[in-house]
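Here the structure is laid out as structure tokens; the discussion comes afterwards.
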Amino acid sequence: MNIRTGLFALSLLLAALPAAAQDAPAAAEPAKEAPAKSEAPAKPSAPTYSRKGADTCLNCHDDNPVVMAIFSTKHAQPKNPNTPFGHGQLQCEACHGPGGAHTGRVPRGEKRPPVVYFGRNTVTPVEQQNAMCTTCHNPKAGEWHASAHRDSDVGCADCHQSHVARDPVLYKATQGDVCGTCHEVQKQNMLLPFAHPLRDQQMGCTGCHSPHGSPTQAALKKDTVNDTCYTCHADKRGPFLWEHQPVSEDCGLCHQPHGSVHPGVGHGARRGLCELPLAGARLEPSLRPPADALRVPHA
Ligand code: HEC
Ligand code: HEC
Ligand code: HEC
Ligand code: HEC
Ligand code: HEC
Ligand code: HEC
Ligand code: HEC
Ligand code: HEC
């Protein structure tokens, strides 16, 4: 079975959930009960849910502070019927999948059957991990489907943490570090002397990028590099009396969006700035700026 049919099978399985969800307990508080002694191991062919939802899981996992922190997140809202802990929802198993077999008694010498587990070093395929989240979330589905992250098997949980009150990737102060675990070059450039003010926490990578993907190159927030820049630098849009063509063409011809060691031309400038049009590599001769426009780069 390939990944896609696996995903399809999973989505069928999940589509059939509401019936199962009826039986799930509504308890959202991490209640501590005596362990249910009679939980029978499920047949591998028919995944089942635990008897008492979160209460069953916490019989064994309530000593782990990471696990318990789920109750301080936006996902653990009993009053919001759409969250995993809302009435009729599957609680822990909304994300970790059917845990009936996992919670059962494990015969000596055998391994405890796993639940869906997240991250890079697990047996759960990324597509299956993501499918747990996308049953409830549709992060602009079309774009996620086309995104370089999805194509490269980056999972929702590679960026999002679910067992913390403040998911670091959602906050400017910490987002750069999350993205930087995989995009070290861009993160380092953002720390160069001349760069956008990420380290001052005025903006994040998402000032310019759509993390869930976009139809543009480099998953930019707007259709073009320039339109992305104009969202904050509207004064550079023009129209100007003396249009400097490279400017309306691509801000990136002169500026490094991620930062640079080259000062003096506004931070983030590319090296060899003024020779650029003559180098011919990226610009047509017709785009050479008129001499008087060079004094003021943008107009
Ligand atoms: C009877 C005890 C028991 C119950 C009940 C139980 N677990 Fe576990 N769980 C374990 C043990 C032990 C491990 C450690 C891995 C192993 O031995 O396979 C584990 C591992 C896990 C892991 C992987 C953690 C890691 O570090 O790899 C997840 C996720 C998990 N359990 C979720 C759940 C969920 C969700 C429930 C409720 C549906 C649940 N567990 C109920 C005993 C239990
Ligand atoms: C919103 C989805 C979601 C819900 C609800 C949820 N988890 Fe998790 N769980 C995750 C993700 C994602 C991870 C991987 C770590 C992370 O990203 O925070 C994880 C990690 C874990 C781990 C491994 C912890 C460790 O120390 O590494 C255990 C055990 C676990 N969950 C058990 C539970 C139990 C028990 C519940 C219910 C009380 C629960 N989870 C509810 C998504 C969820
Ligand atoms: C049962 C449905 C359900 C599942 C499954 C689920 N979520 Fe959510 N999630 C919600 C709802 C509802 C909210 C909105 C809570 C609010 O805004 O009050 C939410 C909120 C969030 C937020 C915003 C949190 C914040 O602090 O602002 C993120 C990020 C998120 N979910 C990611 C995930 C990821 C990643 C997974 C899979 C590991 C997942 N969700 C699984 C229903 C779900
Ligand atoms: C490359 C990292 C990355 C991946 C992968 C990713 N996200 Fe996100 N997600 C983010 C960032 C960053 C934001 C904040 C968006 C912003 O600031 O514009 C976000 C926002 C969200 C929100 C809205 C939170 C809010 O408060 O508005 C939800 C829900 C969410 N993501 C769910 C998912 C799901 C589900 C997946 C997997 C299908 C996923 N994300 C994959 C980085 C990521
Ligand atoms: C778990 C690793 C990982 C994390 C975390 C991650 N990325 Fe990526 N990212 C990748 C991979 C893999 C690719 C595709 C291959 C490449 O371009 O390097 C990619 C591609 C991209 C691209 C190019 C997209 C395209 O269409 O060409 C951008 C932009 C990007 N990521 C931004 C971000 C941002 C912003 C964050 C944080 C919100 C982030 N990434 C977090 C792994 C990651
Ligand atoms: C000021 C806007 C801006 C910010 C902030 C920004 N980027 Fe970019 N990023 C761009 C542009 C524009 C491109 C396309 C570059 C090109 O085509 O020359 C790009 C391209 C990328 C690419 C594709 C590979 C490459 O370098 O061309 C990755 C990956 C990436 N950015 C990651 C990040 C990460 C991670 C952060 C945060 C640490 C970040 N970006 C912050 C504007 C930005
Ligand atoms: C989310 C908002 C935002 C976006 C989008 C954005 N910038 Fe900026 N930019 C800023 C902020 C904030 C500063 C810092 C201004 C300051 O220090 O006064 C800045 C500063 C600059 C500077 C240096 C200004 C100086 O005084 O040294 C240049 C050059 C620049 N941006 C170019 C770009 C380019 C090119 C793009 C598109 C790839 C872009 N910006 C996209 C917010 C943004
Ligand atoms: C032909 C090269 C070139 C192009 C293309 C270009 N710039 Fe500049 N930019 C410069 C130079 C040179 C400076 C320094 C001017 C100075 O110090 O007076 C500068 C300075 C800036 C500054 C800081 C000073 C100010 O005027 O606010 C910002 C912001 C900026 N550019 C944004 C942009 C944006 C947005 C674009 C695309 C619409 C763009 N630039 C395209 C060469 C260029």
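Identifiers in the structure tokens: chain A, B, ... in order shown; residue index from 1 per chain; ligand index from 1 in order shown.
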
Can you pull out the residues contacting Gln186 in chain A? Cut-off 10 Å, using only C-alpha atoms, and skip same-chain residues under 6 positions away; I want them as a short mmCIF file (atom, residue, chain, number, x, y, z; two decimals) with N, CA and C atoms, in the first residue's frame.
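Output contents, as saved in selection-v6.cif:
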```
data_model
loop_
_atom_site.label_atom_id
_atom_site.label_comp_id
_atom_site.auth_asym_id
_atom_site.auth_seq_id
_atom_site.Cartn_x
_atom_site.Cartn_y
_atom_site.Cartn_z
N GLY A 176 11.69 32.52 14.17
CA GLY A 176 12.93 32.38 13.40
C GLY A 176 13.72 31.15 13.82
N CYS A 179 11.96 27.95 12.25
CA CYS A 179 12.26 27.84 10.81
C CYS A 179 13.75 27.57 10.62
N GLY A 180 14.54 28.19 11.50
CA GLY A 180 15.99 28.07 11.38
C GLY A 180 16.53 26.69 11.68
N CYS A 205 9.60 35.51 9.83
CA CYS A 205 9.73 35.03 8.46
C CYS A 205 8.40 35.18 7.73
N PRO A 257 16.84 39.96 0.59
CA PRO A 257 15.74 40.01 1.57
C PRO A 257 16.13 39.46 2.94
N HIS A 258 17.10 38.52 2.95
CA HIS A 258 17.45 37.91 4.24
C HIS A 258 18.60 38.58 4.96
N GLY A 259 19.17 39.62 4.35
CA GLY A 259 20.24 40.30 5.07
C GLY A 259 21.57 40.19 4.37
#
```

Just want the residues within 6 Å of ligand 5, written as a PyMOL selection string, counting only C-alpha atoms and all ligand atoms. chain A and resi 147-149+152+154+158-159+178-179+181-182+205-206+209+211+217-219

Residues from last step as file, C-alpha atoms, as a PDB file, in the first residue's frame:
```pdb
ATOM      1  CA  SER A 147       3.667  23.607  -0.965  1.00  0.00           C
ATOM      2  CA  ALA A 148       7.346  22.728  -0.996  1.00  0.00           C
ATOM      3  CA  HIS A 149       7.013  21.723   2.641  1.00  0.00           C
ATOM      4  CA  SER A 152       9.375  17.453   1.093  1.00  0.00           C
ATOM      5  CA  VAL A 154       7.597  18.318   6.315  1.00  0.00           C
ATOM      6  CA  ASP A 158       7.667  19.772  12.461  1.00  0.00           C
ATOM      7  CA  CYS A 159       6.655  23.411  12.850  1.00  0.00           C
ATOM      8  CA  VAL A 178      11.793  27.122  14.524  1.00  0.00           C
ATOM      9  CA  CYS A 179      12.264  27.843  10.815  1.00  0.00           C
ATOM     10  CA  THR A 181      16.254  24.473  12.532  1.00  0.00           C
ATOM     11  CA  CYS A 182      15.957  23.584   8.843  1.00  0.00           C
ATOM     12  CA  CYS A 205       9.735  35.027   8.457  1.00  0.00           C
ATOM     13  CA  THR A 206       5.993  35.145   7.868  1.00  0.00           C
ATOM     14  CA  HIS A 209       6.406  34.017   3.510  1.00  0.00           C
ATOM     15  CA  PRO A 211       4.378  28.921   5.756  1.00  0.00           C
ATOM     16  CA  GLN A 217       8.041  31.064  -6.050  1.00  0.00           C
ATOM     17  CA  ALA A 218       9.513  30.803  -2.573  1.00  0.00           C
ATOM     18  CA  ALA A 219       6.046  30.706  -1.010  1.00  0.00           C
TER      19      ALA A 219
END
```

I'd like to know which of A:Val225, A:Val67, A:Val126, A:Cys156 is closest to ligand 3, using only C-alpha atoms and all ligand atoms. A:Cys156

Give me, as a ChimeraX atom specification, the set of residues whose atoms come within 9 Å of any atom of ligand 2, counting only C-alpha atoms and all ligand atoms. /A:28,30,53-62,64-71,73-76,83-85,90-96,116-119,129,132-133,156-164,167

Could you save those same residues with N, CA and C atoms as a compact mmCIF listing (two decimals), in the first residue's frame?
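That gives us again_37.txt:
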```txt
# COMPACT_ATOMS: atom_id res chain seq x y z
N ALA A 28 -13.13 16.52 30.25
CA ALA A 28 -11.99 17.25 29.72
C ALA A 28 -10.93 17.42 30.80
N PRO A 30 -8.33 16.24 33.43
CA PRO A 30 -7.55 15.02 33.57
C PRO A 30 -7.91 14.27 34.85
N GLY A 53 -11.30 7.45 26.85
CA GLY A 53 -10.63 8.61 26.27
C GLY A 53 -9.42 9.02 27.08
N ALA A 54 -9.31 10.33 27.31
CA ALA A 54 -8.14 10.88 28.00
C ALA A 54 -7.91 10.22 29.35
N ASP A 55 -9.00 9.89 30.04
CA ASP A 55 -8.84 9.28 31.36
C ASP A 55 -8.04 7.97 31.26
N THR A 56 -8.30 7.22 30.22
CA THR A 56 -7.55 5.99 30.02
C THR A 56 -6.07 6.29 29.78
N CYS A 57 -5.83 7.24 28.89
CA CYS A 57 -4.43 7.58 28.55
C CYS A 57 -3.67 8.05 29.80
N LEU A 58 -4.36 8.85 30.60
CA LEU A 58 -3.67 9.47 31.74
C LEU A 58 -3.41 8.49 32.88
N ASN A 59 -4.05 7.35 32.82
CA ASN A 59 -3.69 6.30 33.78
C ASN A 59 -2.20 6.04 33.73
N CYS A 60 -1.64 6.10 32.56
CA CYS A 60 -0.21 5.81 32.42
C CYS A 60 0.64 7.04 32.14
N HIS A 61 0.05 8.09 31.56
CA HIS A 61 0.89 9.21 31.09
C HIS A 61 0.79 10.46 31.96
N ASP A 62 0.08 10.41 33.08
CA ASP A 62 -0.11 11.66 33.82
C ASP A 62 1.13 12.09 34.61
N ASN A 64 3.90 12.64 33.11
CA ASN A 64 4.75 13.34 32.14
C ASN A 64 4.24 14.78 31.99
N PRO A 65 5.03 15.76 32.49
CA PRO A 65 4.57 17.16 32.42
C PRO A 65 4.33 17.63 30.99
N VAL A 66 5.06 17.07 30.02
CA VAL A 66 4.83 17.45 28.62
C VAL A 66 3.41 17.08 28.23
N VAL A 67 3.00 15.88 28.59
CA VAL A 67 1.66 15.43 28.25
C VAL A 67 0.62 16.32 28.93
N MET A 68 0.79 16.57 30.22
CA MET A 68 -0.22 17.32 30.98
C MET A 68 -0.39 18.75 30.48
N ALA A 69 0.67 19.29 29.85
CA ALA A 69 0.60 20.67 29.36
C ALA A 69 -0.45 20.83 28.26
N ILE A 70 -0.94 19.74 27.69
CA ILE A 70 -1.99 19.86 26.67
C ILE A 70 -3.20 20.59 27.24
N PHE A 71 -3.40 20.47 28.56
CA PHE A 71 -4.59 21.08 29.17
C PHE A 71 -4.48 22.58 29.33
N THR A 73 -3.57 24.36 26.60
CA THR A 73 -3.56 24.82 25.21
C THR A 73 -4.97 25.12 24.70
N LYS A 74 -5.01 25.75 23.55
CA LYS A 74 -6.30 26.07 22.93
C LYS A 74 -7.02 24.81 22.45
N HIS A 75 -6.31 23.69 22.40
CA HIS A 75 -6.97 22.46 21.98
C HIS A 75 -7.80 21.83 23.09
N ALA A 76 -7.54 22.20 24.33
CA ALA A 76 -8.24 21.56 25.46
C ALA A 76 -9.34 22.48 25.99
N THR A 83 -12.91 21.65 19.33
CA THR A 83 -11.56 21.25 19.76
C THR A 83 -11.57 19.77 20.14
N PRO A 84 -10.38 19.17 20.22
CA PRO A 84 -10.34 17.74 20.56
C PRO A 84 -10.99 17.41 21.90
N PHE A 85 -11.10 18.39 22.79
CA PHE A 85 -11.70 18.11 24.09
C PHE A 85 -13.13 18.65 24.20
N LEU A 90 -12.78 13.27 20.36
CA LEU A 90 -12.02 12.08 20.73
C LEU A 90 -10.85 12.35 21.67
N GLN A 91 -10.76 13.59 22.14
CA GLN A 91 -9.72 13.96 23.10
C GLN A 91 -8.33 13.59 22.57
N CYS A 92 -7.52 12.92 23.38
CA CYS A 92 -6.15 12.60 22.94
C CYS A 92 -6.16 11.89 21.59
N GLU A 93 -7.14 11.04 21.41
CA GLU A 93 -7.15 10.19 20.21
C GLU A 93 -7.59 10.93 18.95
N ALA A 94 -8.08 12.18 19.12
CA ALA A 94 -8.35 13.01 17.94
C ALA A 94 -7.05 13.23 17.17
N CYS A 95 -5.95 13.31 17.90
CA CYS A 95 -4.64 13.51 17.26
C CYS A 95 -3.82 12.22 17.19
N HIS A 96 -3.90 11.42 18.24
CA HIS A 96 -3.03 10.24 18.29
C HIS A 96 -3.68 8.99 17.69
N VAL A 116 -0.57 6.86 16.81
CA VAL A 116 0.03 7.84 15.90
C VAL A 116 0.95 8.72 16.72
N TYR A 117 2.19 8.80 16.28
CA TYR A 117 3.12 9.64 16.99
C TYR A 117 3.78 10.61 16.01
N PHE A 118 4.12 11.80 16.51
CA PHE A 118 4.51 12.90 15.63
C PHE A 118 6.00 13.16 15.65
N GLY A 119 6.46 13.79 14.59
CA GLY A 119 7.86 14.19 14.52
C GLY A 119 8.59 13.41 13.45
N GLN A 129 0.46 11.47 9.90
CA GLN A 129 0.51 12.48 10.96
C GLN A 129 -0.31 13.70 10.55
N MET A 132 -4.12 13.59 10.63
CA MET A 132 -4.77 13.76 11.92
C MET A 132 -5.15 15.23 12.13
N CYS A 133 -4.27 16.12 11.73
CA CYS A 133 -4.53 17.55 11.91
C CYS A 133 -5.50 18.08 10.87
N CYS A 156 3.04 18.93 9.82
CA CYS A 156 2.50 20.02 10.65
C CYS A 156 3.30 20.11 11.95
N ALA A 157 3.59 18.95 12.52
CA ALA A 157 4.23 18.92 13.84
C ALA A 157 5.72 19.20 13.77
N ASP A 158 6.28 19.32 12.56
CA ASP A 158 7.67 19.77 12.46
C ASP A 158 7.76 21.26 12.78
N CYS A 159 6.67 21.98 12.53
CA CYS A 159 6.66 23.41 12.85
C CYS A 159 5.83 23.71 14.10
N HIS A 160 4.72 23.00 14.28
CA HIS A 160 3.81 23.29 15.40
C HIS A 160 4.05 22.34 16.57
N GLN A 161 4.10 22.89 17.76
CA GLN A 161 4.08 22.05 18.96
C GLN A 161 2.67 22.08 19.53
N SER A 162 2.20 20.93 19.90
CA SER A 162 0.82 20.86 20.39
C SER A 162 0.72 20.79 21.91
N HIS A 163 1.77 20.38 22.58
CA HIS A 163 1.69 20.24 24.03
C HIS A 163 2.33 21.42 24.76
N VAL A 164 2.19 22.60 24.22
CA VAL A 164 2.69 23.81 24.89
C VAL A 164 1.63 24.91 24.78
N ASP A 167 2.65 28.05 21.23
CA ASP A 167 3.34 27.35 20.14
C ASP A 167 4.39 28.29 19.55
```

As a ChimeraX atom specification, please: every residue in range 19-168 of chain A that a backbone DSSP assignment puts in alpha helix (DSSP H). /A:19-23,54-61,65-68,92-96,100-103,126-134,141-146,148-151,156-159

Selected residues written out, N, CA and C atoms, as a tab-separated table (two decimals), in the first residue's frame:
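After the write, selection-v2.tsv holds the following:
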```tsv
chain	number	residue	atom	x	y	z
A	19	ALA	N	-19.67	8.31	14.76
A	19	ALA	CA	-20.32	7.25	15.52
A	19	ALA	C	-19.46	6.86	16.72
A	20	ALA	N	-18.18	6.67	16.45
A	20	ALA	CA	-17.28	6.31	17.53
A	20	ALA	C	-17.20	7.43	18.56
A	21	ALA	N	-17.26	8.66	18.04
A	21	ALA	CA	-17.11	9.80	18.93
A	21	ALA	C	-18.25	9.88	19.94
A	22	GLN	N	-19.42	9.36	19.55
A	22	GLN	CA	-20.55	9.40	20.46
A	22	GLN	C	-20.22	8.70	21.78
A	23	ASP	N	-19.41	7.66	21.65
A	23	ASP	CA	-19.11	6.89	22.85
A	23	ASP	C	-17.99	7.51	23.68
A	54	ALA	N	-9.31	10.33	27.31
A	54	ALA	CA	-8.14	10.88	28.00
A	54	ALA	C	-7.91	10.22	29.35
A	55	ASP	N	-9.00	9.89	30.04
A	55	ASP	CA	-8.84	9.28	31.36
A	55	ASP	C	-8.04	7.97	31.26
A	56	THR	N	-8.30	7.22	30.22
A	56	THR	CA	-7.55	5.99	30.02
A	56	THR	C	-6.07	6.29	29.78
A	57	CYS	N	-5.83	7.24	28.89
A	57	CYS	CA	-4.43	7.58	28.55
A	57	CYS	C	-3.67	8.05	29.80
A	58	LEU	N	-4.36	8.85	30.60
A	58	LEU	CA	-3.67	9.47	31.74
A	58	LEU	C	-3.41	8.49	32.88
A	59	ASN	N	-4.05	7.35	32.82
A	59	ASN	CA	-3.69	6.30	33.78
A	59	ASN	C	-2.20	6.04	33.73
A	60	CYS	N	-1.64	6.10	32.56
A	60	CYS	CA	-0.21	5.81	32.42
A	60	CYS	C	0.64	7.04	32.14
A	61	HIS	N	0.05	8.09	31.56
A	61	HIS	CA	0.89	9.21	31.09
A	61	HIS	C	0.79	10.46	31.96
A	65	PRO	N	5.03	15.76	32.49
A	65	PRO	CA	4.57	17.16	32.42
A	65	PRO	C	4.33	17.63	30.99
A	66	VAL	N	5.06	17.07	30.02
A	66	VAL	CA	4.83	17.45	28.62
A	66	VAL	C	3.41	17.08	28.23
A	67	VAL	N	3.00	15.88	28.59
A	67	VAL	CA	1.66	15.43	28.25
A	67	VAL	C	0.62	16.32	28.93
A	68	MET	N	0.79	16.57	30.22
A	68	MET	CA	-0.22	17.32	30.98
A	68	MET	C	-0.39	18.75	30.48
A	92	CYS	N	-7.52	12.92	23.38
A	92	CYS	CA	-6.15	12.60	22.94
A	92	CYS	C	-6.16	11.89	21.59
A	93	GLU	N	-7.14	11.04	21.41
A	93	GLU	CA	-7.15	10.19	20.21
A	93	GLU	C	-7.59	10.93	18.95
A	94	ALA	N	-8.08	12.18	19.12
A	94	ALA	CA	-8.35	13.01	17.94
A	94	ALA	C	-7.05	13.23	17.17
A	95	CYS	N	-5.95	13.31	17.90
A	95	CYS	CA	-4.64	13.51	17.26
A	95	CYS	C	-3.82	12.22	17.19
A	96	HIS	N	-3.90	11.42	18.24
A	96	HIS	CA	-3.03	10.24	18.29
A	96	HIS	C	-3.68	8.99	17.69
A	100	GLY	N	-7.00	1.97	21.35
A	100	GLY	CA	-7.49	0.80	22.06
A	100	GLY	C	-6.43	-0.25	22.29
A	101	ALA	N	-5.73	-0.61	21.23
A	101	ALA	CA	-4.71	-1.65	21.35
A	101	ALA	C	-3.54	-1.18	22.20
A	102	HIS	N	-3.18	0.09	22.05
A	102	HIS	CA	-2.05	0.66	22.79
A	102	HIS	C	-2.32	0.66	24.30
A	103	THR	N	-3.58	0.86	24.67
A	103	THR	CA	-3.90	0.97	26.09
A	103	THR	C	-4.15	-0.37	26.75
A	126	VAL	N	4.59	10.58	7.63
A	126	VAL	CA	4.23	12.00	7.76
A	126	VAL	C	2.82	12.28	7.24
A	127	GLU	N	2.46	11.65	6.13
A	127	GLU	CA	1.13	11.88	5.56
A	127	GLU	C	0.04	11.53	6.57
A	128	GLN	N	0.29	10.46	7.32
A	128	GLN	CA	-0.70	10.04	8.31
A	128	GLN	C	-0.73	11.01	9.49
A	129	GLN	N	0.46	11.47	9.90
A	129	GLN	CA	0.51	12.48	10.96
A	129	GLN	C	-0.31	13.70	10.55
A	130	ASN	N	-0.04	14.20	9.33
A	130	ASN	CA	-0.72	15.41	8.88
A	130	ASN	C	-2.22	15.21	8.76
A	131	ALA	N	-2.62	13.99	8.35
A	131	ALA	CA	-4.04	13.72	8.18
A	131	ALA	C	-4.79	13.86	9.51
A	132	MET	N	-4.12	13.59	10.63
A	132	MET	CA	-4.77	13.76	11.92
A	132	MET	C	-5.15	15.23	12.13
A	133	CYS	N	-4.27	16.12	11.73
A	133	CYS	CA	-4.53	17.55	11.91
A	133	CYS	C	-5.50	18.08	10.87
A	134	THR	N	-5.39	17.61	9.63
A	134	THR	CA	-6.22	18.19	8.58
A	134	THR	C	-7.67	17.68	8.61
A	141	ALA	N	-6.22	24.72	2.05
A	141	ALA	CA	-5.84	23.41	1.55
A	141	ALA	C	-5.12	23.42	0.21
A	142	GLY	N	-5.62	24.19	-0.75
A	142	GLY	CA	-5.01	24.21	-2.07
A	142	GLY	C	-3.54	24.53	-2.01
A	143	GLU	N	-3.20	25.48	-1.13
A	143	GLU	CA	-1.82	25.94	-1.07
A	143	GLU	C	-0.93	24.93	-0.36
A	144	TRP	N	-1.43	24.35	0.70
A	144	TRP	CA	-0.65	23.34	1.39
A	144	TRP	C	-0.36	22.18	0.44
A	145	HIS	N	-1.36	21.86	-0.38
A	145	HIS	CA	-1.19	20.75	-1.31
A	145	HIS	C	-0.05	20.99	-2.28
A	146	ALA	N	0.16	22.25	-2.62
A	146	ALA	CA	1.20	22.57	-3.60
A	146	ALA	C	2.49	23.01	-2.94
A	148	ALA	N	6.06	23.42	-1.01
A	148	ALA	CA	7.35	22.73	-1.00
A	148	ALA	C	7.51	21.95	0.30
A	149	HIS	N	6.89	22.44	1.37
A	149	HIS	CA	7.01	21.72	2.64
A	149	HIS	C	6.32	20.37	2.56
A	150	ARG	N	5.11	20.38	2.05
A	150	ARG	CA	4.40	19.12	1.94
A	150	ARG	C	5.14	18.18	0.99
A	151	ASP	N	5.59	18.71	-0.14
A	151	ASP	CA	6.33	17.90	-1.11
A	151	ASP	C	7.57	17.27	-0.49
A	156	CYS	N	3.04	18.93	9.82
A	156	CYS	CA	2.50	20.02	10.65
A	156	CYS	C	3.30	20.11	11.95
A	157	ALA	N	3.59	18.95	12.52
A	157	ALA	CA	4.23	18.92	13.84
A	157	ALA	C	5.72	19.20	13.77
A	158	ASP	N	6.28	19.32	12.56
A	158	ASP	CA	7.67	19.77	12.46
A	158	ASP	C	7.76	21.26	12.78
A	159	CYS	N	6.67	21.98	12.53
A	159	CYS	CA	6.66	23.41	12.85
A	159	CYS	C	5.83	23.71	14.10
```

Selected residue of minimal separation from His212 in chain A among A:Asn138, A:Gln175, A:Thr228, A:Gln77, counting only C-alpha atoms: A:Asn138

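For the choices A:Lys236, A:His255, A:Arg105, A:Lys187, the atom-to-atom distance to ligand 1 is smallest for A:Arg105 when using only C-alpha atoms and all ligand atoms.
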
Residue with smallest distance to ligand 3 - pool A:Phe194, A:Tyr171, A:Tyr49, A:Phe240, counting only C-alpha atoms and all ligand atoms: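 Checking each candidate against ligand 3, we get A:Tyr171 as the closest.
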
Taking only C-alpha atoms and all ligand atoms into account, list the residues no farther than 6 Å from ligand 7, as JSON, numbers by chain. {"A": [196, 197, 203, 207, 208, 225, 228, 229, 231, 232, 251, 252, 255, 257, 266, 267, 268]}

Nearest-residue call for Ser72 in chain A, choices A:Arg166, A:Arg199, A:Arg237, A:Lys172, using only C-alpha atoms: A:Arg166

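In this model, the gap between atom 21 (C, counted along the ligand's line) of ligand 1 and CA of Pro114 in chain A comes to 6.8 Å.
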
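The interatomic distance for the pair atom 8 (Fe, counted along the ligand's line) of ligand 4 and CA of Ser210 in chain A works out to 9.4 Å.
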
Let me make sure I understand: among A:Gln89, A:Ser248, A:Gln256, A:Thr122, which one has the smallest atom-to-atom distance to ligand 8 if we use only C-alpha atoms and all ligand atoms?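 Of all the options, A:Ser248 lies closest to ligand 8.
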
As a ChimeraX atom specification, please: all residues of range 98-289 of chain A that backbone DSSP puts in strand (DSSP E or B). /A:194,209,220,255,260,269
